[in-house]
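Structure file start14.txt with compact mmCIF, C-alpha atoms:
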```
# COMPACT_ATOMS: atom_id res chain seq x y z
CA MET A 1 11.79 8.51 -11.66
CA LYS A 2 10.67 11.06 -9.07
CA THR A 3 9.23 10.97 -5.57
CA ILE A 4 5.95 12.62 -4.51
CA VAL A 5 3.73 12.61 -1.42
CA LEU A 6 0.11 11.54 -1.84
CA ASP A 7 -2.68 13.45 -0.12
CA LYS A 8 -5.21 10.64 -0.57
CA ILE A 9 -5.09 6.99 -1.63
CA ALA A 10 -8.16 5.48 -3.32
CA SER A 11 -9.69 2.22 -2.14
CA VAL A 12 -9.26 0.67 -5.60
CA THR A 13 -5.52 0.48 -4.85
CA ARG A 14 -6.03 -1.24 -1.47
CA SER A 15 -4.25 -4.45 -2.47
CA CYS A 16 -1.09 -2.46 -3.31
CA GLN A 17 -0.79 -1.21 0.30
CA LEU A 18 0.61 2.12 -0.84
CA LYS A 19 2.42 4.48 1.50
CA ARG A 20 1.96 8.23 1.23
CA GLU A 21 5.40 8.66 -0.31
CA VAL A 22 5.64 6.97 -3.71
CA ARG A 23 7.92 6.99 -6.71
CA LEU A 24 6.61 7.69 -10.19
CA SER A 25 7.53 6.81 -13.74
CA ALA A 26 6.69 8.82 -16.85
CA ASP A 27 6.14 5.52 -18.67
CA ILE A 28 2.47 4.69 -18.07
CA PRO A 29 1.04 1.36 -19.35
CA CYS A 30 -2.58 2.11 -20.32
CA GLU A 31 -4.05 -1.10 -18.95
CA GLU A 32 -6.83 -1.80 -16.49
CA GLY A 33 -5.62 -1.75 -12.90
CA VAL A 34 -2.40 0.23 -13.41
CA VAL A 35 -1.96 2.62 -10.48
CA VAL A 36 -1.53 6.26 -11.46
CA ALA A 37 -0.91 9.42 -9.44
CA VAL A 38 -2.89 12.52 -10.45
CA ARG A 39 -3.48 16.09 -9.25
CA VAL A 40 -7.10 17.31 -8.97
CA LEU A 41 -7.65 20.44 -11.08
CA HIS A 42 -10.86 21.92 -9.63
CA ASP A 43 -13.43 21.75 -6.84
CA LYS A 44 -16.89 20.14 -6.98
CA SER A 45 -19.96 20.56 -4.78
CA THR A 46 -21.52 17.18 -5.68
CA TYR A 47 -20.06 13.67 -5.97
CA ASN A 48 -16.88 15.04 -4.44
CA GLN A 49 -15.70 12.26 -2.16
CA LEU A 50 -13.11 9.49 -2.44
CA GLU A 51 -13.28 6.15 -0.66
CA LEU A 52 -10.01 5.41 1.14
CA PRO A 53 -8.57 1.88 1.64
CA SER A 54 -10.10 1.89 5.14
CA GLY A 55 -13.55 2.43 3.65
CA ARG A 56 -13.80 5.95 5.04
CA MET A 57 -14.97 8.70 2.69
CA ALA A 58 -12.79 11.80 2.29
CA HIS A 59 -13.67 15.05 0.54
CA VAL A 60 -11.58 15.81 -2.55
CA LYS A 61 -10.28 19.34 -3.10
CA ARG A 62 -8.51 21.16 -5.90
CA GLY A 63 -4.77 20.49 -5.68
CA ASP A 64 -5.11 17.11 -3.95
CA VAL A 65 -2.63 14.50 -5.17
CA LEU A 66 -4.37 11.13 -5.46
CA ALA A 67 -3.49 7.56 -6.32
CA GLY A 68 -6.13 5.69 -8.32
CA ALA A 69 -6.27 2.94 -10.94
CA LEU A 70 -6.95 3.08 -14.66
CA GLY A 71 -10.25 1.58 -15.76
CA ALA A 72 -13.63 2.10 -17.41
CA ARG A 73 -17.13 2.72 -16.11
CA GLN A 74 -20.58 2.27 -17.66
CA ALA A 75 -23.00 3.45 -14.98
CA LEU A 76 -26.67 4.11 -15.70
CA PHE A 77 -26.94 6.81 -13.02
CA GLY A 78 -23.30 7.90 -12.96
CA TYR A 79 -20.44 8.56 -15.33
CA ALA A 80 -19.59 6.51 -18.40
CA GLY A 81 -15.96 6.48 -19.44
CA HIS A 82 -13.27 4.42 -21.13
CA LEU A 83 -9.68 3.38 -20.59
CA PRO A 84 -7.28 5.79 -22.35
CA GLU A 85 -5.15 4.42 -25.20
CA LYS A 86 -2.05 6.37 -24.12
CA LEU A 87 -1.05 8.68 -21.27
CA ALA A 88 1.88 10.87 -20.36
CA PRO A 89 2.56 13.25 -17.47
CA GLY A 90 0.57 16.44 -18.01
CA ASP A 91 -2.37 14.71 -19.74
CA THR A 92 -5.87 14.93 -18.28
CA VAL A 93 -7.99 12.05 -17.02
CA HIS A 94 -11.23 11.98 -15.04
CA LEU A 95 -12.17 10.50 -11.68
CA LEU A 96 -15.01 8.22 -12.77
CA ASN A 97 -16.18 6.98 -9.36
CA MET A 98 -15.64 7.33 -5.63
CA GLY A 99 -13.48 4.22 -5.55
CA GLY A 100 -10.72 5.97 -7.49
CA VAL A 101 -11.22 4.68 -11.03
CA LEU A 102 -9.44 6.93 -13.56
CA GLY A 103 -10.36 7.12 -17.24
CA ILE A 104 -11.69 9.37 -19.98
CA CYS A 105 -15.28 10.47 -19.36
CA ASP A 106 -17.68 9.93 -22.28
CA SER A 107 -21.01 10.77 -20.67
CA VAL A 108 -22.05 12.90 -17.68
CA SER A 109 -25.02 12.45 -15.37
CA PRO A 110 -26.92 15.76 -15.04
CA ASP A 111 -27.43 15.05 -11.34
CA LEU A 112 -23.71 14.76 -10.65
CA GLY A 113 -22.23 17.44 -12.90
CA PRO A 114 -18.89 16.94 -14.68
CA PRO A 115 -16.38 14.58 -12.98
CA PHE A 116 -13.15 15.74 -11.41
CA ALA A 117 -10.56 16.50 -14.09
CA CYS A 118 -7.07 15.46 -13.00
CA GLU A 119 -3.56 16.11 -14.26
CA VAL A 120 -1.57 12.92 -14.77
CA LEU A 121 1.67 12.87 -12.77
CA GLY A 122 2.93 9.36 -13.56
CA ALA A 123 2.59 5.65 -12.93
CA VAL A 124 3.13 4.63 -9.31
CA LEU A 125 6.02 2.20 -9.02
CA HIS A 126 6.54 -0.79 -6.81
CA PHE A 127 9.83 -2.61 -6.35
CA PRO A 128 9.39 -6.40 -6.50
CA TYR A 129 13.06 -7.30 -6.75
CA LEU A 130 14.68 -7.55 -3.34
CA GLY A 131 17.81 -5.43 -3.03
CA GLU A 132 17.36 -3.80 -6.45
CA ARG A 133 16.13 -0.32 -7.34
CA ILE A 134 14.19 -1.54 -10.36
CA GLY A 135 10.61 -0.30 -10.26
CA VAL A 136 7.64 -1.53 -12.28
CA ALA A 137 4.19 -0.01 -12.61
CA ALA A 138 2.01 -1.06 -9.68
CA ARG A 139 -1.21 -2.93 -10.51
CA ILE A 140 -4.13 -3.78 -8.28
CA GLY A 141 -4.56 -7.47 -7.54
CA GLY A 142 -1.00 -8.44 -8.41
CA ALA A 143 -0.98 -11.49 -10.71
CA ALA A 144 -4.66 -12.32 -10.12
CA PRO A 145 -5.98 -11.09 -13.50
CA ALA A 146 -3.93 -13.72 -15.36
CA ALA A 147 -5.66 -16.46 -13.38
CA LEU A 148 -9.04 -15.19 -14.59
CA ARG A 149 -8.20 -15.56 -18.26
CA GLY A 150 -8.39 -19.35 -18.20
CA GLU A 151 -11.15 -21.71 -17.13
CA VAL A 152 -11.92 -21.18 -13.44
CA LYS A 153 -13.24 -24.23 -11.64
CA LEU A 154 -16.34 -23.73 -9.49
CA GLU A 155 -16.43 -25.55 -6.15
CA ALA A 156 -19.50 -24.48 -4.17
CA ALA A 157 -19.02 -27.41 -1.74
CA GLY A 158 -22.79 -27.70 -1.29
CA VAL A 159 -22.99 -24.30 0.43
CA PRO A 160 -26.36 -22.58 -0.23
CA VAL A 161 -25.99 -19.38 -2.25
CA VAL A 162 -28.54 -16.55 -2.26
CA ALA A 163 -28.10 -14.20 -5.24
CA LEU A 164 -29.41 -10.65 -5.37
CA VAL A 165 -30.07 -9.33 -8.89
CA GLY A 166 -31.63 -6.03 -9.89
CA SER A 167 -33.49 -4.18 -12.58
CA CYS A 168 -30.73 -1.53 -12.53
CA MET A 169 -28.30 0.16 -10.16
CA ASN A 170 -29.69 1.83 -7.02
CA CYS A 171 -32.72 -0.47 -6.82
CA GLY A 172 -32.22 -1.88 -3.32
CA LYS A 173 -29.93 -4.87 -3.88
CA THR A 174 -27.42 -3.98 -1.17
CA ALA A 175 -30.15 -3.15 1.35
CA ALA A 176 -31.76 -6.53 0.68
CA ALA A 177 -28.42 -8.37 0.83
CA CYS A 178 -27.61 -6.76 4.18
CA ALA A 179 -31.07 -7.55 5.53
CA LEU A 180 -30.65 -11.21 4.57
CA VAL A 181 -27.17 -11.43 6.09
CA ARG A 182 -28.39 -9.87 9.31
CA GLU A 183 -31.51 -12.04 9.64
CA LEU A 184 -29.76 -15.28 8.72
CA ALA A 185 -26.92 -14.50 11.13
CA HIS A 186 -29.43 -13.73 13.90
CA GLY A 187 -30.95 -17.14 13.14
CA GLY A 188 -27.67 -18.80 14.04
CA LEU A 189 -26.14 -19.23 10.59
CA THR A 190 -22.59 -18.36 9.62
CA VAL A 191 -22.96 -16.15 6.55
CA ASP A 192 -20.35 -14.93 4.05
CA GLY A 193 -20.97 -12.46 1.24
CA PHE A 194 -19.49 -11.06 -1.94
CA LYS A 195 -20.17 -8.56 -4.69
CA ALA A 196 -19.55 -10.07 -8.10
CA THR A 197 -20.10 -7.21 -10.53
CA GLY A 198 -19.86 -3.44 -10.86
CA VAL A 199 -17.10 -0.84 -10.72
CA SER A 200 -14.60 -0.75 -7.87
CA LEU A 201 -16.00 0.53 -4.55
CA ARG A 202 -15.78 -1.27 -1.21
CA ARG A 203 -18.86 0.38 0.32
CA ASP A 204 -21.25 -2.50 -0.39
CA VAL A 205 -19.06 -5.31 0.97
CA LEU A 206 -18.31 -3.20 4.04
CA ALA A 207 -22.07 -2.92 4.54
CA LEU A 208 -22.30 -6.73 4.36
CA GLU A 209 -19.63 -6.96 7.05
CA ASP A 210 -21.50 -4.45 9.21
CA ALA A 211 -24.62 -6.61 8.80
CA GLY A 212 -22.79 -9.64 10.17
CA ALA A 213 -21.01 -11.32 7.27
CA ARG A 214 -18.03 -13.33 8.55
CA ARG A 215 -15.99 -12.99 5.35
CA THR A 216 -16.53 -10.95 2.22
CA GLY A 217 -15.09 -10.77 -1.28
CA LEU A 218 -14.99 -8.16 -4.03
CA PHE A 219 -13.91 -8.38 -7.66
CA THR A 220 -11.35 -5.62 -7.05
CA ASP A 221 -9.41 -8.07 -4.88
CA LEU A 222 -8.84 -10.08 -8.06
CA GLY A 223 -7.35 -7.14 -9.95
CA VAL A 224 -10.58 -6.23 -11.76
CA VAL A 225 -11.50 -2.53 -11.80
CA SER A 226 -14.77 -2.94 -13.67
CA THR A 227 -16.50 -6.20 -14.55
CA THR A 228 -17.70 -7.07 -18.05
CA ASP A 229 -19.35 -9.97 -19.86
CA ALA A 230 -15.84 -11.28 -20.52
CA ASN A 231 -14.65 -11.55 -16.92
CA ALA A 232 -17.77 -11.57 -14.70
CA PRO A 233 -18.37 -15.36 -14.80
CA ALA A 234 -14.74 -16.13 -13.90
CA VAL A 235 -14.82 -13.53 -11.12
CA THR A 236 -18.00 -15.08 -9.71
CA ARG A 237 -16.58 -18.60 -9.86
CA THR A 238 -13.39 -17.45 -8.09
CA LEU A 239 -15.11 -15.51 -5.30
CA LEU A 240 -17.75 -18.19 -4.73
CA THR A 241 -15.20 -21.00 -4.61
CA ASP A 242 -12.99 -19.05 -2.19
CA LEU A 243 -15.81 -18.32 0.26
CA ALA A 244 -17.32 -21.80 -0.01
CA ALA A 245 -13.98 -23.30 1.00
CA GLY A 246 -14.53 -21.76 4.44
CA ARG A 247 -17.76 -23.78 4.78
CA PRO A 248 -20.22 -21.07 5.82
CA ASP A 249 -23.84 -22.04 6.32
CA ALA A 250 -24.84 -19.67 3.51
CA ILE A 251 -23.35 -17.19 1.04
CA VAL A 252 -25.12 -14.00 -0.02
CA ALA A 253 -23.98 -12.77 -3.45
CA GLU A 254 -24.84 -9.35 -4.81
CA LEU A 255 -24.72 -8.91 -8.58
CA GLY A 256 -24.21 -5.18 -8.96
CA ASP A 257 -25.92 -3.09 -11.66
CA GLY A 258 -28.87 -4.59 -13.57
CA LEU A 259 -29.92 -7.57 -15.65
CA LEU A 260 -29.44 -5.51 -18.83
CA GLY A 261 -26.37 -3.57 -17.65
CA ALA A 262 -22.83 -3.58 -18.99
CA TYR A 263 -21.14 -5.22 -16.00
CA GLY A 264 -21.75 -8.88 -16.86
CA VAL A 265 -24.79 -9.92 -14.80
CA ALA A 266 -26.42 -11.59 -17.79
CA ALA A 267 -23.19 -13.46 -18.58
CA ILE A 268 -23.14 -14.83 -15.02
CA LEU A 269 -26.75 -16.00 -15.19
CA ALA A 270 -26.15 -17.55 -18.62
CA ASP A 271 -23.46 -19.81 -17.09
CA ALA A 272 -25.32 -23.03 -16.32
CA GLU A 273 -22.90 -24.14 -13.61
CA ILE A 274 -23.06 -20.84 -11.74
CA ARG A 275 -26.83 -20.73 -12.15
CA ALA A 276 -27.09 -24.22 -10.64
CA ALA A 277 -25.04 -23.07 -7.63
CA PHE A 278 -27.59 -20.33 -6.86
CA THR A 279 -30.02 -21.83 -4.36
CA ALA A 280 -32.29 -18.79 -4.31
CA VAL A 281 -32.51 -15.64 -6.43
CA VAL A 282 -34.11 -12.42 -5.18
CA LEU A 283 -34.97 -9.64 -7.63
CA ALA A 284 -34.76 -5.98 -6.57
CA ALA A 285 -36.75 -3.52 -8.68
CA ASN A 286 -37.56 0.18 -8.58
CA ASP A 287 -41.18 -0.05 -9.75
CA PRO A 288 -43.78 -2.64 -10.84
CA VAL A 289 -42.86 -2.35 -14.54
CA ALA A 290 -39.20 -3.03 -13.71
CA ALA A 291 -40.31 -5.96 -11.55
CA TRP A 292 -42.42 -7.32 -14.41
CA GLY A 293 -39.54 -7.04 -16.90
CA GLY A 294 -37.02 -8.47 -14.44
CA VAL A 295 -39.14 -11.51 -13.60
CA ARG A 296 -39.83 -12.13 -17.29
CA LEU A 297 -36.11 -11.93 -18.10
CA LEU A 298 -35.22 -14.34 -15.30
CA ARG A 299 -37.90 -16.81 -16.34
CA GLU A 300 -37.63 -16.69 -20.10
CA ARG A 301 -33.93 -16.06 -20.68
CA PHE A 302 -32.37 -17.91 -17.74
CA ALA A 303 -35.07 -20.36 -16.53
CA ILE A 304 -34.83 -18.86 -13.03
CA GLU A 305 -37.87 -18.52 -10.81
CA PRO A 306 -37.17 -15.74 -8.26
CA VAL A 307 -38.20 -16.50 -4.70
CA ALA A 308 -39.23 -12.88 -4.13
CA VAL A 309 -39.25 -9.34 -5.47
CA THR A 310 -37.99 -6.55 -3.22
CA GLY A 311 -36.76 -2.96 -3.58
CA PRO A 312 -38.64 0.36 -3.93
CA ALA A 313 -41.33 -1.41 -5.99
CA THR A 314 -42.45 -2.98 -2.71
CA ASP A 315 -42.38 0.16 -0.56
CA ASN A 316 -46.16 0.12 -0.11
CA LEU A 317 -49.22 -2.02 -0.64
CA ALA A 318 -49.97 -0.60 -4.10
CA GLY A 319 -46.73 -1.98 -5.51
CA THR A 320 -46.79 -5.33 -3.73
CA ARG A 321 -50.35 -6.05 -4.86
CA ILE A 322 -49.55 -5.37 -8.51
CA ILE A 323 -46.43 -7.55 -8.43
CA GLU A 324 -48.07 -10.49 -6.69
CA GLU A 325 -51.23 -10.35 -8.84
CA GLN A 326 -49.44 -9.87 -12.16
CA LEU A 327 -46.40 -12.09 -11.59
CA GLY A 328 -47.34 -14.60 -8.90
CA VAL A 329 -44.13 -13.87 -6.98
CA PRO A 330 -44.03 -12.81 -3.31
CA ALA A 331 -43.33 -9.06 -3.01
CA ILE A 332 -41.48 -8.36 0.23
CA ASN A 333 -39.85 -5.12 1.30
CA ALA A 334 -36.41 -5.88 2.74
CA ARG A 335 -36.41 -2.79 4.97
CA LEU A 336 -39.88 -3.32 6.42
CA GLU A 337 -40.16 -7.13 6.40
CA ALA A 338 -36.60 -8.42 6.58
CA GLY A 339 -37.61 -11.34 8.78
CA ARG A 340 -40.27 -12.49 6.32
CA LEU A 341 -37.87 -12.27 3.38
CA ALA A 342 -35.20 -14.23 5.25
CA ALA A 343 -37.74 -16.86 6.29
CA LEU A 344 -38.76 -17.35 2.67
CA VAL A 345 -35.13 -17.67 1.58
CA ARG A 346 -34.33 -20.04 4.42
CA GLU A 347 -37.33 -22.18 3.47
CA LYS A 348 -36.00 -22.42 -0.10
CA ILE A 349 -32.54 -23.36 1.22
CA MET A 350 -33.98 -26.15 3.37
CA ARG A 351 -36.18 -27.40 0.53
CA GLU A 352 -33.19 -27.60 -1.82
CA LYS A 353 -31.18 -29.37 0.89
CA VAL A 354 -33.84 -32.07 1.23
CA ILE A 355 -33.93 -32.53 -2.55
CA ARG A 356 -30.15 -32.96 -2.70
CA GLU A 357 -30.13 -35.43 0.19
CA ARG A 358 -32.84 -37.52 -1.46
CA ALA A 359 -30.94 -37.51 -4.74
CA VAL A 360 -27.79 -38.72 -2.95
CA GLY A 361 -29.78 -41.42 -1.13
CA ALA A 362 -31.34 -42.65 -4.35
```
How would this structure read if it were set down as structure tokens?
Amino acid sequence: MKTIVLDKIASVTRSCQLKREVRLSADIPCEEGVVVAVRVLHDKSTYNQLELPSGRMAHVKRGDVLAGALGARQALFGYAGHLPEKLAPGDTVHLLNMGGVLGICDSVSPDLGPPFACEVLGAVLHFPYLGERIGVAARIGGAAPAALRGEVKLEAAGVPVVALVGSCMNCGKTAAACALVRELAHGGLTVDGFKATGVSLRRDVLALEDAGARRTGLFTDLGVVSTTDANAPAVTRTLLTDLAAGRPDAIVAELGDGLLGAYGVAAILADAEIRAAFTAVVLAANDPVAAWGGVRLLRERFAIEPVAVTGPATDNLAGTRIIEEQLGVPAINARLEAGRLAALVREKIMREKVIRERAVGA
């Protein structure tokens, strides 16, 4: 056991509330969420920032000592990497994302260049036993991952839920989610929000808070570094139930990545109970072909009729005309017509409310 001083602490470790001075062990459990200290081995001119627990971005330099968490990533426009099978001090791992996820890189995006290579220093210890100097490897989320292995009960409490799904990553989901939060909040509603899938980074839920969300949730808070088909439904049930217990007027849920991605969006939509809790679904797409495929997937695979298509596919009249003529779905740009998109969503919420009230009365 040795003591080191950290230069930077990644946001993925936020739940551990690390101090700059930490103690390390050479015994490193290679499991998702285990907190590891590393030393950066080189400089980079692109994709060279780390998100801190505060949400602020900090530039990473050669020689920086960082604390991150072991995990995997399967990003379409980023790095793909896996969890190492074994690690020891002196081994090399890679910084797979700006949230501080550490793993072995398998595939590099040509736009980003190679990821930061980092020398492993050891597992960061925490000391759970009062009055004893017995340290165990720190893990994000504490005991939360165990709770996700069993059946997680969904209690939406009748709160309307607006889900944002996308054709892929970087297709305008967060921009649309923030626009909806802002417009609904301006309309007098109390709105909460969460991000159900992706790889650990707090940026999107912080954007929801900036837009006016009262409370937010992120899968990282549950000890999940990167969502998959195996855990995404349980994560969604947990986050949705937690926010619904606070009785907001509406919940905006962003499902990160795309309908055909590796982060578990399809598994969430395949869950009939979760699907029934979604009052309205908005599809974000990069172009008309992506919009066409996304709408077809929602309709044919999940029996979901999206209330609107948004994203770069709707940036001008050429795209919106094609989408509306070919698919019969309103095409609304969230950046240019946020009020119209929110009005359409609110109309769907009110329509569903009337249907539920009539069913109860009958």
Quiz item: Which of these residues is nearest to Ala156 (chain A), using only C-alpha atoms: A:Ile274, A:Ile104, A:Leu255, A:Leu52?
Solution: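 Counting only C-alpha atoms, the residue closest to Ala156 (chain A) is A:Ile274.
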Quiz prompt | Which of A:Glu209, A:Glu325, A:Asp192, A:Asp43 sits closest to Leu240 (chain A) [using all atoms listed in the file] | solution = A:Asp192
Exercise. Might you pull out every residue within 12 Å of Met169 (chain A), with only C-alpha atoms counted and same-chain residues fewer than 3 positions away left off, and present them as a PyMOL selection string?
Key: chain A and resi 74-78+164-166+172-174+197-199+254-263+265+284-286+290+311
Practice problem: For CA of Gly135 (chain A) and CA of Arg202 (chain A), quote the distance in Å rounded to one decimal. | Solution: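 Those two atoms sit 27.9 Å apart.
The gap separating CA of Arg182 (chain A) from CA of Gly319 (chain A) is 24.9 Å, in Å to one decimal.
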Exercise. May I ask which of the residues A:Asn316, A:Asn231, A:Thr238, A:Ser45 is the closest one to Leu218 (chain A), counting all atoms listed in the file?
Key: A:Thr238
Quiz prompt | Using all atoms listed in the file: which of A:Pro330, A:Gly90, A:Pro160, A:Gly99 has the shortest distance to Ala277 (chain A) | solution = A:Pro160
Quiz item: Which of these residues is nearest to Ser200 (chain A), using all atoms listed in the file: A:Ser167, A:Gln326, A:Ser54, A:Thr13?
Solution: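 Residue with the minimum atom-to-atom distance to Ser200 (chain A): A:Thr13.
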Quiz item: Hey, what's within 8 Å of Phe302 (chain A) if we count only C-alpha atoms and toss same-chain stuff fewer than 3 positions away? As a list in words, please?
Solution: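 Counting only the stated atoms, we get Leu269, Ala270, Leu297, Leu298 and Arg299 of chain A.
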Self-check item: Pairwise distance for CA of Gly113 (chain A) and CA of Ala196 (chain A), rounded to one decimal in Å
Solution: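 So the two atoms, CA of Gly113 (chain A) and CA of Ala196 (chain A), lie 28.1 Å apart.
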Quiz prompt | Which residue of A:Cys171, A:Ile140, A:Ala37, A:Ala331 approaches Val5 (chain A) most closely, using all atoms listed in the file | solution =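 Among A:Cys171, A:Ile140, A:Ala37, A:Ala331, it is A:Ala37 that comes nearest to Val5 (chain A).
All residues that come within 12 Å of the coordinates (0.3, 5.7, 7.0), counting only C-alpha atoms, are given as Val5, Leu6, Asp7, Lys8, Ile9, Gln17, Leu18, Lys19, Arg20, Glu21, Leu52, Pro53 and Ser54 of chain A.
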Quiz prompt | All residues 9 Å or closer to region 22-33 of chain A, all atoms listed in the file, same chain fewer than 4 positions away omitted, as a PyMOL selection string | solution = chain A and resi 1-6+12-13+18+37+68-72+83-89+101+121-126+135-141+223-226
Region 300-314 of chain A: axis-aligned bounding box, 8 Å on each side, centre and edge lengths in Å, one decimal, as lines of an AutoDock Vina configuration file:
```
center_x = -37.4
center_y = -10.0
center_z = -11.7
size_x = 26.1
size_y = 36.7
size_z = 34.0
```
Please return as a PDB file with C-alpha atoms, keeping the file's coordinate frame every residue within 10 Å of (-46.7, -12.0, -7.3), taking into account all atoms listed in the file and the file's own coordinates.
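Saved file result.pdb follows:
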```pdb
ATOM      1  CA  ALA A 291     -40.310  -5.960 -11.550  1.00  0.00           C
ATOM      2  CA  TRP A 292     -42.420  -7.320 -14.410  1.00  0.00           C
ATOM      3  CA  VAL A 295     -39.140 -11.510 -13.600  1.00  0.00           C
ATOM      4  CA  VAL A 307     -38.200 -16.500  -4.700  1.00  0.00           C
ATOM      5  CA  ALA A 308     -39.230 -12.880  -4.130  1.00  0.00           C
ATOM      6  CA  VAL A 309     -39.250  -9.340  -5.470  1.00  0.00           C
ATOM      7  CA  THR A 320     -46.790  -5.330  -3.730  1.00  0.00           C
ATOM      8  CA  ARG A 321     -50.350  -6.050  -4.860  1.00  0.00           C
ATOM      9  CA  ILE A 322     -49.550  -5.370  -8.510  1.00  0.00           C
ATOM     10  CA  ILE A 323     -46.430  -7.550  -8.430  1.00  0.00           C
ATOM     11  CA  GLU A 324     -48.070 -10.490  -6.690  1.00  0.00           C
ATOM     12  CA  GLU A 325     -51.230 -10.350  -8.840  1.00  0.00           C
ATOM     13  CA  GLN A 326     -49.440  -9.870 -12.160  1.00  0.00           C
ATOM     14  CA  LEU A 327     -46.400 -12.090 -11.590  1.00  0.00           C
ATOM     15  CA  GLY A 328     -47.340 -14.600  -8.900  1.00  0.00           C
ATOM     16  CA  VAL A 329     -44.130 -13.870  -6.980  1.00  0.00           C
ATOM     17  CA  PRO A 330     -44.030 -12.810  -3.310  1.00  0.00           C
ATOM     18  CA  ALA A 331     -43.330  -9.060  -3.010  1.00  0.00           C
ATOM     19  CA  ILE A 332     -41.480  -8.360   0.230  1.00  0.00           C
TER      20      ILE A 332
END
```
How would region 47-52 of chain A read, as a compact mmCIF listing (two decimals), keeping the file's coordinate frame, once all heavy atoms are built in?
```txt
# COMPACT_ATOMS: atom_id res chain seq x y z
N TYR A 47 -20.87 14.85 -5.64
CA TYR A 47 -20.06 13.67 -5.97
C TYR A 47 -18.58 14.02 -5.85
O TYR A 47 -17.79 13.87 -6.78
CB TYR A 47 -20.38 13.19 -7.39
CG TYR A 47 -20.10 11.71 -7.59
CD1 TYR A 47 -20.96 10.74 -7.07
CD2 TYR A 47 -18.99 11.28 -8.30
CE1 TYR A 47 -20.71 9.39 -7.26
CE2 TYR A 47 -18.73 9.93 -8.50
CZ TYR A 47 -19.60 8.99 -7.97
OH TYR A 47 -19.36 7.65 -8.15
N ASN A 48 -18.22 14.49 -4.65
CA ASN A 48 -16.88 15.04 -4.44
C ASN A 48 -16.11 14.33 -3.34
O ASN A 48 -15.28 14.93 -2.66
CB ASN A 48 -16.99 16.53 -4.10
CG ASN A 48 -17.83 16.78 -2.85
OD1 ASN A 48 -18.39 15.86 -2.26
ND2 ASN A 48 -17.94 18.04 -2.46
N GLN A 49 -16.39 13.03 -3.18
CA GLN A 49 -15.70 12.26 -2.16
C GLN A 49 -14.92 11.10 -2.78
O GLN A 49 -15.24 10.64 -3.88
CB GLN A 49 -16.69 11.72 -1.12
CG GLN A 49 -17.32 12.80 -0.26
CD GLN A 49 -18.25 12.19 0.77
OE1 GLN A 49 -19.20 11.47 0.44
NE2 GLN A 49 -17.99 12.49 2.03
N LEU A 50 -13.93 10.64 -2.04
CA LEU A 50 -13.11 9.49 -2.44
C LEU A 50 -13.11 8.48 -1.31
O LEU A 50 -12.90 8.84 -0.14
CB LEU A 50 -11.68 9.95 -2.72
CG LEU A 50 -10.73 8.87 -3.27
CD1 LEU A 50 -11.04 8.59 -4.74
CD2 LEU A 50 -9.27 9.33 -3.12
N GLU A 51 -13.34 7.22 -1.65
CA GLU A 51 -13.28 6.15 -0.66
C GLU A 51 -11.82 5.75 -0.46
O GLU A 51 -11.11 5.44 -1.41
CB GLU A 51 -14.10 4.95 -1.12
CG GLU A 51 -14.17 3.83 -0.10
CD GLU A 51 -14.91 2.61 -0.63
OE1 GLU A 51 -14.36 1.95 -1.54
OE2 GLU A 51 -16.02 2.34 -0.15
N LEU A 52 -11.37 5.77 0.80
CA LEU A 52 -10.01 5.41 1.14
C LEU A 52 -9.91 3.90 1.37
O LEU A 52 -10.94 3.21 1.51
CB LEU A 52 -9.58 6.16 2.40
CG LEU A 52 -9.74 7.69 2.36
CD1 LEU A 52 -9.26 8.31 3.66
CD2 LEU A 52 -9.02 8.29 1.17
```
